[in-house]
Protein chains: 2
Amino acid sequence: MVGRPRDERVDQAILAATRGVLAEQGYSRLTVDAVAAAAGVGKAAIYRRYASKHELVFAAAVHDVDLEPPPDGGSLTADLTALVREILDSLGAPTARAAAPGLISDFLSDPALADRFEETFLARERACVRAALDRAVARGEIEAPPERDLAHSLILGPVFAWLYIFRRQEEESFARDLVVRVEAALRHTPV
Amino acid sequence: MVGRPRDERVDQAILAATRGVLAEQGYSRLTVDAVAAAAGVGKAAIYRRYASKHELVFAAAVHDVDLEPPPDGGSLTADLTALVREILDSLGAPTARAAAPGLISDFLSDPALADRFEETFLARERACVRAALDRAVARGEIEAPPERDLAHSLILGPVFAWLYIFRRQEEESFARDLVVRVEAALRHTPV
DNA sequence: TCAGTTTCGGAACGACTTGTCTCGTAATAT
DNA sequence: ATATTACGAGACAAGTCGTTCCGAAACTGA
């Protein structure tokens with residue numbers, strides 16, 4: 001590799017500034033110029049790294065979400081509680097709160113972005129759900145686990161609706177009650 | 001009221017053109033100029049009726065969704081099936097499919113739009129959910145119904161996630177399985 | 001050492017969209 | 001008849017995106 005190497009501080013400044021503007025202004029009011037100004041960086045430095053505003057926001061909002069597969073909690077209840085808590089925290093964080101609906105909206109016009117979201121975030125989350133279900137089956141807590149995406153939607157969907165459609169705050173009671181209901185749904189053996 | 005009255009055909013042409021452009025281009029690529037051209041009207045005629053592009057799309061996408069409270073189906077299973085089918089059809093329609101994520105994304109920057117959505121759509125949907133739950137309690141099928149928004153999120157959330165986050169098509173099996181799982185969640189009596 | 005390459009911040013640019021406004025004209029109420 | 005409003009068409013300013021230029025700086029390889 002020849003030429004001047006990229007400055008890592010610029011990388012970090014861009015991501016930090018993006019998260020800052022995102023939290024302050026929200027996705028729809030985020031402008032690339034504002035990010036460049038906040039980062040003390042030229043716009044060229046941003047577009048040299050990200051092909052579009054969408055990709056910039058994606059990198060800033062999704063990359064810092066490191067979804068660790070929760071360890072075996074010993075019971076389906078414990079596993080589900082950890083899973084719901086983690087998803088609720090991810091989606092409830094200021095950056096995600098500002099970015100998530102806008103990103104999902106962009107999926108319609110930018111399938112490549114949707115694919116990357118699928119690979120970067122959904123696949124890992126789905127693996128966590130699957131791991132929890134497999135353990136529950138192994139323990140004998142569940143007989144017939146539902147289809148993967150259905151189980152995933154049963155957990156992710158209500159959290160998303162609660163935060164972004166109903167626009168309600170994270171509430172301890174919601175997390176607790178959701179776990180109880182989802183567990184009942186998963187334990188049920190279809191006829 | 002003095003002056004020339006508004007032409008109702010212009011009203012309809014604007015809404016029809018908006019739905020057409022929405023289905024063809026999607027929310028993010030919809031422009032007011034394109035709507036005006038498709039409707040054969042001037043932009044002033046649009047802005048005379050709607051304060052912003054958001055309100056235009058909202059009117060076109062939400063207004064035609066007339067969520068009728070489903071009649072008593074005789075059982076919780078029947079009521080839930082009708083409810084899920086109706087929500088799936090509403091959100092799966094081409095217009096809604098193109099508009100919903102964009103509208104929800106705009107809620108962050110336009111609380112007034114969010115409030116109108118709450119009143120126009122969510123409140124009616126929530127009433128349908130509540131009616132179904134009340135009937136189930138009256139029948140003795142359910143002991144302790146969950147908090148309203150929780151029950152609502154258990155139905156709306158998975159459908160939204162399925163269509164807009166997982167980007168999967170409407171599938172008969174999904175509707176059927178979701179009903180089974182949601183019913184199990186609702187029937188469960190928390191300790 | 002030194003030419004070639006790539007980066008940097010800054011700034012300009014064209015293309016596009018939004019929302020307002022001005023035309024000249026048509027329809028209605030008073 | 002006159003005032004008022006709506007109509008289609010289009011000009012307009014403001015703002016944004018993504019690209020492209022600039023001169024300067026940083027690094028590689030011969």
# chains A, B, ... in the order shown; residues from 1 in each chain; ligands from 1
>>> interface_residues(of="chain D", to="chain A", cutoff="6 Å", atoms="only C-alpha atoms (C1' of nucleotides)", output="mmCIF file with C-alpha atoms (C1' of nucleotides), in the first residue's frame")
data_model
loop_
_atom_site.group_PDB
_atom_site.id
_atom_site.type_symbol
_atom_site.label_atom_id
_atom_site.label_comp_id
_atom_site.auth_asym_id
_atom_site.auth_seq_id
_atom_site.Cartn_x
_atom_site.Cartn_y
_atom_site.Cartn_z
ATOM 1 C "C1'" DA D 26 2.294 11.990 5.065
ATOM 2 C "C1'" DC D 27 4.034 7.865 3.569
ATOM 3 C "C1'" DT D 28 6.295 4.137 0.224
#
>>> interface_residues(of="chain A", to="chain B", cutoff="9 Å", atoms="only C-alpha atoms", output="ChimeraX atom specification")
/A:25-29,97-109,114,118,122,146-147,149-162,164-167,174,177-178,180-188,190
>>> interface_residues(of="chain C", to="chain B", cutoff="9 Å", atoms="only C-alpha atoms (C1' of nucleotides)", output="NGL selection string")
:C and (17-19 or 26-30)
>>> select_by_dssp(residues="segment 39-190 of chain A", states="alpha helix (DSSP H)", output="PyMOL selection string")
chain A and resi 39+43-47+53-62+76-92+94-106+111-117+123-139+148-160+172-187
>>> residues_around(residues="Pro70 of chain B", least_positions_apart="2", cutoff="7 Å", atoms="only C-alpha atoms (C1' of nucleotides)", output="list of chain:residue names")
B:Glu68, B:Asp72, B:Ala82
>>> closest_residue(among="D:DA9, D:DG29, D:DC22, D:DT4", to="DC2 of chain C", atoms="only C-alpha atoms (C1' of nucleotides)")
D:DG29
>>> residues_around(residues="Val35 of chain A", least_positions_apart="4", cutoff="10 Å", atoms="only C-alpha atoms (C1' of nucleotides)", output="JSON, numbers by chain")
{"A": [13, 14, 15, 16, 17, 18, 19, 20, 21, 22, 30, 31, 39, 40, 41, 42, 43, 46, 56]}
>>> write_last_selection(atoms="all heavy atoms", output="short mmCIF file (atom, residue, chain, number, x, y, z; two decimals), in the first residue's frame")
data_model
loop_
_atom_site.label_atom_id
_atom_site.label_comp_id
_atom_site.auth_asym_id
_atom_site.auth_seq_id
_atom_site.Cartn_x
_atom_site.Cartn_y
_atom_site.Cartn_z
N ALA A 13 -13.30 10.01 14.79
CA ALA A 13 -13.98 11.30 14.88
C ALA A 13 -15.27 11.29 14.06
O ALA A 13 -16.29 11.83 14.48
CB ALA A 13 -13.06 12.42 14.41
N ILE A 14 -15.21 10.65 12.88
CA ILE A 14 -16.40 10.59 12.03
C ILE A 14 -17.51 9.79 12.70
O ILE A 14 -18.66 10.22 12.76
CB ILE A 14 -16.04 9.98 10.66
CG1 ILE A 14 -15.15 10.94 9.86
CG2 ILE A 14 -17.29 9.64 9.87
CD1 ILE A 14 -14.63 10.37 8.56
N LEU A 15 -17.15 8.63 13.23
CA LEU A 15 -18.17 7.79 13.86
C LEU A 15 -18.75 8.47 15.10
O LEU A 15 -19.96 8.47 15.32
CB LEU A 15 -17.58 6.43 14.23
CG LEU A 15 -17.25 5.53 13.04
CD1 LEU A 15 -16.61 4.23 13.51
CD2 LEU A 15 -18.51 5.24 12.23
N ALA A 16 -17.85 9.07 15.91
CA ALA A 16 -18.33 9.74 17.12
C ALA A 16 -19.24 10.91 16.77
O ALA A 16 -20.28 11.11 17.39
CB ALA A 16 -17.14 10.20 17.95
N ALA A 17 -18.82 11.69 15.77
CA ALA A 17 -19.64 12.84 15.38
C ALA A 17 -20.98 12.39 14.83
O ALA A 17 -22.02 12.99 15.10
CB ALA A 17 -18.89 13.66 14.33
N THR A 18 -20.97 11.29 14.07
CA THR A 18 -22.23 10.78 13.53
C THR A 18 -23.17 10.39 14.66
O THR A 18 -24.36 10.74 14.63
CB THR A 18 -21.97 9.56 12.64
OG1 THR A 18 -21.07 9.93 11.59
CG2 THR A 18 -23.27 9.05 12.03
N ARG A 19 -22.64 9.70 15.66
CA ARG A 19 -23.49 9.30 16.79
C ARG A 19 -24.00 10.52 17.54
O ARG A 19 -25.14 10.56 17.98
CB ARG A 19 -22.71 8.38 17.73
CG ARG A 19 -22.35 7.06 17.09
CD ARG A 19 -21.89 6.03 18.10
NE ARG A 19 -21.22 4.93 17.42
CZ ARG A 19 -19.90 4.77 17.37
NH1 ARG A 19 -19.11 5.63 17.99
NH2 ARG A 19 -19.38 3.75 16.71
N GLY A 20 -23.14 11.52 17.66
CA GLY A 20 -23.56 12.73 18.36
C GLY A 20 -24.68 13.45 17.63
O GLY A 20 -25.71 13.78 18.23
N VAL A 21 -24.49 13.66 16.33
CA VAL A 21 -25.52 14.34 15.55
C VAL A 21 -26.80 13.51 15.53
O VAL A 21 -27.91 14.04 15.62
CB VAL A 21 -25.02 14.60 14.12
CG1 VAL A 21 -26.13 15.17 13.25
CG2 VAL A 21 -23.83 15.54 14.13
N LEU A 22 -26.62 12.20 15.45
CA LEU A 22 -27.78 11.31 15.43
C LEU A 22 -28.59 11.47 16.71
O LEU A 22 -29.83 11.58 16.67
CB LEU A 22 -27.28 9.87 15.32
CG LEU A 22 -28.08 8.86 14.51
CD1 LEU A 22 -28.58 9.44 13.21
CD2 LEU A 22 -27.21 7.65 14.24
N LEU A 30 -30.17 14.62 10.16
CA LEU A 30 -28.72 14.47 10.08
C LEU A 30 -28.25 14.80 8.67
O LEU A 30 -28.77 14.26 7.70
CB LEU A 30 -28.32 13.04 10.45
CG LEU A 30 -26.84 12.69 10.34
CD1 LEU A 30 -26.44 11.77 11.46
CD2 LEU A 30 -26.52 12.03 9.01
N THR A 31 -27.30 15.71 8.57
CA THR A 31 -26.72 16.03 7.27
C THR A 31 -25.23 15.68 7.30
O THR A 31 -24.58 15.76 8.35
CB THR A 31 -26.87 17.52 6.92
OG1 THR A 31 -26.09 18.30 7.82
CG2 THR A 31 -28.32 17.96 6.99
N ALA A 39 -17.10 16.74 13.25
CA ALA A 39 -15.90 15.92 13.36
C ALA A 39 -14.63 16.73 13.03
O ALA A 39 -13.52 16.24 13.24
CB ALA A 39 -16.00 14.71 12.43
N GLY A 40 -14.80 17.94 12.53
CA GLY A 40 -13.65 18.73 12.11
C GLY A 40 -12.94 18.09 10.93
O GLY A 40 -11.72 18.00 10.88
N VAL A 41 -13.74 17.66 9.98
CA VAL A 41 -13.25 16.83 8.88
C VAL A 41 -13.89 17.30 7.58
O VAL A 41 -14.98 17.86 7.60
CB VAL A 41 -13.64 15.36 9.18
CG1 VAL A 41 -13.75 14.56 7.91
CG2 VAL A 41 -12.66 14.73 10.15
N GLY A 42 -13.21 17.11 6.49
CA GLY A 42 -13.80 17.45 5.20
C GLY A 42 -14.79 16.38 4.77
O GLY A 42 -14.68 15.23 5.19
N LYS A 43 -15.75 16.77 3.95
CA LYS A 43 -16.72 15.78 3.51
C LYS A 43 -16.05 14.67 2.71
O LYS A 43 -16.48 13.51 2.75
CB LYS A 43 -17.81 16.44 2.66
CG LYS A 43 -18.99 16.90 3.46
CD LYS A 43 -20.25 17.00 2.62
CE LYS A 43 -20.10 17.93 1.45
NZ LYS A 43 -21.35 17.97 0.66
N ILE A 46 -15.24 11.67 4.58
CA ILE A 46 -16.37 10.79 4.89
C ILE A 46 -16.71 9.92 3.68
O ILE A 46 -16.84 8.70 3.80
CB ILE A 46 -17.60 11.63 5.32
CG1 ILE A 46 -17.30 12.36 6.63
CG2 ILE A 46 -18.83 10.74 5.46
CD1 ILE A 46 -18.42 13.24 7.11
N LEU A 56 -22.98 5.46 6.22
CA LEU A 56 -22.36 6.12 7.36
C LEU A 56 -23.18 5.89 8.63
O LEU A 56 -22.65 5.47 9.67
CB LEU A 56 -22.24 7.62 7.08
CG LEU A 56 -21.88 8.50 8.28
CD1 LEU A 56 -20.48 8.19 8.78
CD2 LEU A 56 -22.00 9.97 7.92
#
>>> atom_distance(atom1="atom CA of Thr81 of chain B", atom2="atom CA of Glu143 of chain B")
19.9 Å
>>> residues_around(residues="Ala136 of chain B", least_positions_apart="3", cutoff="12 Å", atoms="only C-alpha atoms (C1' of nucleotides)", output="PDB file with N, CA, C and O atoms, in the first residue's frame")
ATOM      1  N   ASP B  72     -67.749 -10.390  16.646  1.00  0.00           N
ATOM      2  CA  ASP B  72     -67.481 -11.508  17.549  1.00  0.00           C
ATOM      3  C   ASP B  72     -67.399 -12.803  16.749  1.00  0.00           C
ATOM      4  O   ASP B  72     -68.380 -13.206  16.111  1.00  0.00           O
ATOM      5  N   GLY B  73     -66.242 -13.420  16.774  1.00  0.00           N
ATOM      6  CA  GLY B  73     -66.080 -14.648  16.010  1.00  0.00           C
ATOM      7  C   GLY B  73     -66.476 -15.893  16.775  1.00  0.00           C
ATOM      8  O   GLY B  73     -66.416 -16.999  16.238  1.00  0.00           O
ATOM      9  N   GLY B  74     -66.840 -15.721  18.028  1.00  0.00           N
ATOM     10  CA  GLY B  74     -67.310 -16.851  18.813  1.00  0.00           C
ATOM     11  C   GLY B  74     -66.238 -17.481  19.668  1.00  0.00           C
ATOM     12  O   GLY B  74     -66.545 -18.196  20.623  1.00  0.00           O
ATOM     13  N   SER B  75     -64.980 -17.244  19.336  1.00  0.00           N
ATOM     14  CA  SER B  75     -63.899 -17.807  20.146  1.00  0.00           C
ATOM     15  C   SER B  75     -62.682 -16.904  20.030  1.00  0.00           C
ATOM     16  O   SER B  75     -62.568 -16.120  19.086  1.00  0.00           O
ATOM     17  N   LEU B  76     -61.781 -17.020  20.987  1.00  0.00           N
ATOM     18  CA  LEU B  76     -60.555 -16.227  20.945  1.00  0.00           C
ATOM     19  C   LEU B  76     -59.762 -16.567  19.696  1.00  0.00           C
ATOM     20  O   LEU B  76     -59.210 -15.678  19.041  1.00  0.00           O
ATOM     21  N   THR B  77     -59.731 -17.850  19.357  1.00  0.00           N
ATOM     22  CA  THR B  77     -59.004 -18.260  18.156  1.00  0.00           C
ATOM     23  C   THR B  77     -59.537 -17.544  16.922  1.00  0.00           C
ATOM     24  O   THR B  77     -58.763 -16.986  16.124  1.00  0.00           O
ATOM     25  N   ALA B  78     -60.853 -17.549  16.780  1.00  0.00           N
ATOM     26  CA  ALA B  78     -61.449 -16.909  15.607  1.00  0.00           C
ATOM     27  C   ALA B  78     -61.188 -15.409  15.619  1.00  0.00           C
ATOM     28  O   ALA B  78     -60.847 -14.823  14.574  1.00  0.00           O
ATOM     29  N   ASP B  79     -61.335 -14.787  16.791  1.00  0.00           N
ATOM     30  CA  ASP B  79     -61.117 -13.339  16.866  1.00  0.00           C
ATOM     31  C   ASP B  79     -59.670 -12.980  16.542  1.00  0.00           C
ATOM     32  O   ASP B  79     -59.405 -12.019  15.815  1.00  0.00           O
ATOM     33  N   LEU B  80     -58.737 -13.744  17.076  1.00  0.00           N
ATOM     34  CA  LEU B  80     -57.327 -13.465  16.813  1.00  0.00           C
ATOM     35  C   LEU B  80     -56.984 -13.679  15.348  1.00  0.00           C
ATOM     36  O   LEU B  80     -56.214 -12.906  14.752  1.00  0.00           O
ATOM     37  N   VAL B 129     -58.218  -4.850  19.520  1.00  0.00           N
ATOM     38  CA  VAL B 129     -57.531  -5.819  20.374  1.00  0.00           C
ATOM     39  C   VAL B 129     -58.253  -5.932  21.713  1.00  0.00           C
ATOM     40  O   VAL B 129     -58.523  -7.027  22.210  1.00  0.00           O
ATOM     41  N   ARG B 130     -58.580  -4.791  22.254  1.00  0.00           N
ATOM     42  CA  ARG B 130     -59.242  -4.773  23.556  1.00  0.00           C
ATOM     43  C   ARG B 130     -60.597  -5.480  23.494  1.00  0.00           C
ATOM     44  O   ARG B 130     -60.954  -6.252  24.405  1.00  0.00           O
ATOM     45  N   ALA B 131     -61.337  -5.221  22.415  1.00  0.00           N
ATOM     46  CA  ALA B 131     -62.656  -5.850  22.284  1.00  0.00           C
ATOM     47  C   ALA B 131     -62.519  -7.369  22.246  1.00  0.00           C
ATOM     48  O   ALA B 131     -63.276  -8.094  22.900  1.00  0.00           O
ATOM     49  N   ALA B 132     -61.528  -7.844  21.493  1.00  0.00           N
ATOM     50  CA  ALA B 132     -61.325  -9.292  21.402  1.00  0.00           C
ATOM     51  C   ALA B 132     -60.956  -9.871  22.766  1.00  0.00           C
ATOM     52  O   ALA B 132     -61.429 -10.944  23.148  1.00  0.00           O
ATOM     53  N   LEU B 133     -60.109  -9.134  23.495  1.00  0.00           N
ATOM     54  CA  LEU B 133     -59.696  -9.629  24.806  1.00  0.00           C
ATOM     55  C   LEU B 133     -60.866  -9.636  25.786  1.00  0.00           C
ATOM     56  O   LEU B 133     -61.031 -10.584  26.562  1.00  0.00           O
ATOM     57  N   ARG B 139     -65.962 -14.916  27.961  1.00  0.00           N
ATOM     58  CA  ARG B 139     -66.180 -16.340  27.682  1.00  0.00           C
ATOM     59  C   ARG B 139     -65.475 -17.240  28.692  1.00  0.00           C
ATOM     60  O   ARG B 139     -65.703 -18.442  28.694  1.00  0.00           O
ATOM     61  N   GLY B 140     -64.591 -16.657  29.465  1.00  0.00           N
ATOM     62  CA  GLY B 140     -63.824 -17.455  30.408  1.00  0.00           C
ATOM     63  C   GLY B 140     -62.586 -18.081  29.782  1.00  0.00           C
ATOM     64  O   GLY B 140     -61.959 -18.953  30.364  1.00  0.00           O
ATOM     65  N   GLU B 141     -62.229 -17.634  28.588  1.00  0.00           N
ATOM     66  CA  GLU B 141     -61.044 -18.205  27.927  1.00  0.00           C
ATOM     67  C   GLU B 141     -59.755 -17.647  28.519  1.00  0.00           C
ATOM     68  O   GLU B 141     -58.690 -18.257  28.410  1.00  0.00           O
ATOM     69  N   ILE B 142     -59.854 -16.433  29.057  1.00  0.00           N
ATOM     70  CA  ILE B 142     -58.678 -15.755  29.613  1.00  0.00           C
ATOM     71  C   ILE B 142     -59.003 -15.316  31.028  1.00  0.00           C
ATOM     72  O   ILE B 142     -60.105 -14.840  31.292  1.00  0.00           O
ATOM     73  N   GLU B 143     -58.017 -15.468  31.902  1.00  0.00           N
ATOM     74  CA  GLU B 143     -58.242 -14.970  33.259  1.00  0.00           C
ATOM     75  C   GLU B 143     -57.746 -13.546  33.407  1.00  0.00           C
ATOM     76  O   GLU B 143     -58.496 -12.632  33.715  1.00  0.00           O
ATOM     77  N   ALA B 144     -56.461 -13.358  33.160  1.00  0.00           N
ATOM     78  CA  ALA B 144     -55.859 -12.043  33.365  1.00  0.00           C
ATOM     79  C   ALA B 144     -55.295 -11.535  32.048  1.00  0.00           C
ATOM     80  O   ALA B 144     -54.228 -11.962  31.634  1.00  0.00           O
ATOM     81  N   PRO B 145     -56.024 -10.648  31.374  1.00  0.00           N
ATOM     82  CA  PRO B 145     -55.487 -10.097  30.122  1.00  0.00           C
ATOM     83  C   PRO B 145     -54.298  -9.210  30.429  1.00  0.00           C
ATOM     84  O   PRO B 145     -54.277  -8.523  31.452  1.00  0.00           O
ATOM     85  N   GLU B 183     -52.110 -16.683  20.907  1.00  0.00           N
ATOM     86  CA  GLU B 183     -53.184 -17.162  21.755  1.00  0.00           C
ATOM     87  C   GLU B 183     -52.618 -17.826  23.009  1.00  0.00           C
ATOM     88  O   GLU B 183     -53.122 -17.615  24.114  1.00  0.00           O
ATOM     89  N   LEU B 186     -51.570 -15.174  25.385  1.00  0.00           N
ATOM     90  CA  LEU B 186     -52.674 -14.472  26.040  1.00  0.00           C
ATOM     91  C   LEU B 186     -53.393 -15.355  27.049  1.00  0.00           C
ATOM     92  O   LEU B 186     -53.873 -14.884  28.078  1.00  0.00           O
ATOM     93  N   ARG B 187     -53.484 -16.631  26.730  1.00  0.00           N
ATOM     94  CA  ARG B 187     -54.202 -17.537  27.631  1.00  0.00           C
ATOM     95  C   ARG B 187     -53.440 -17.755  28.926  1.00  0.00           C
ATOM     96  O   ARG B 187     -54.022 -18.078  29.962  1.00  0.00           O
TER      97      ARG B 187
END
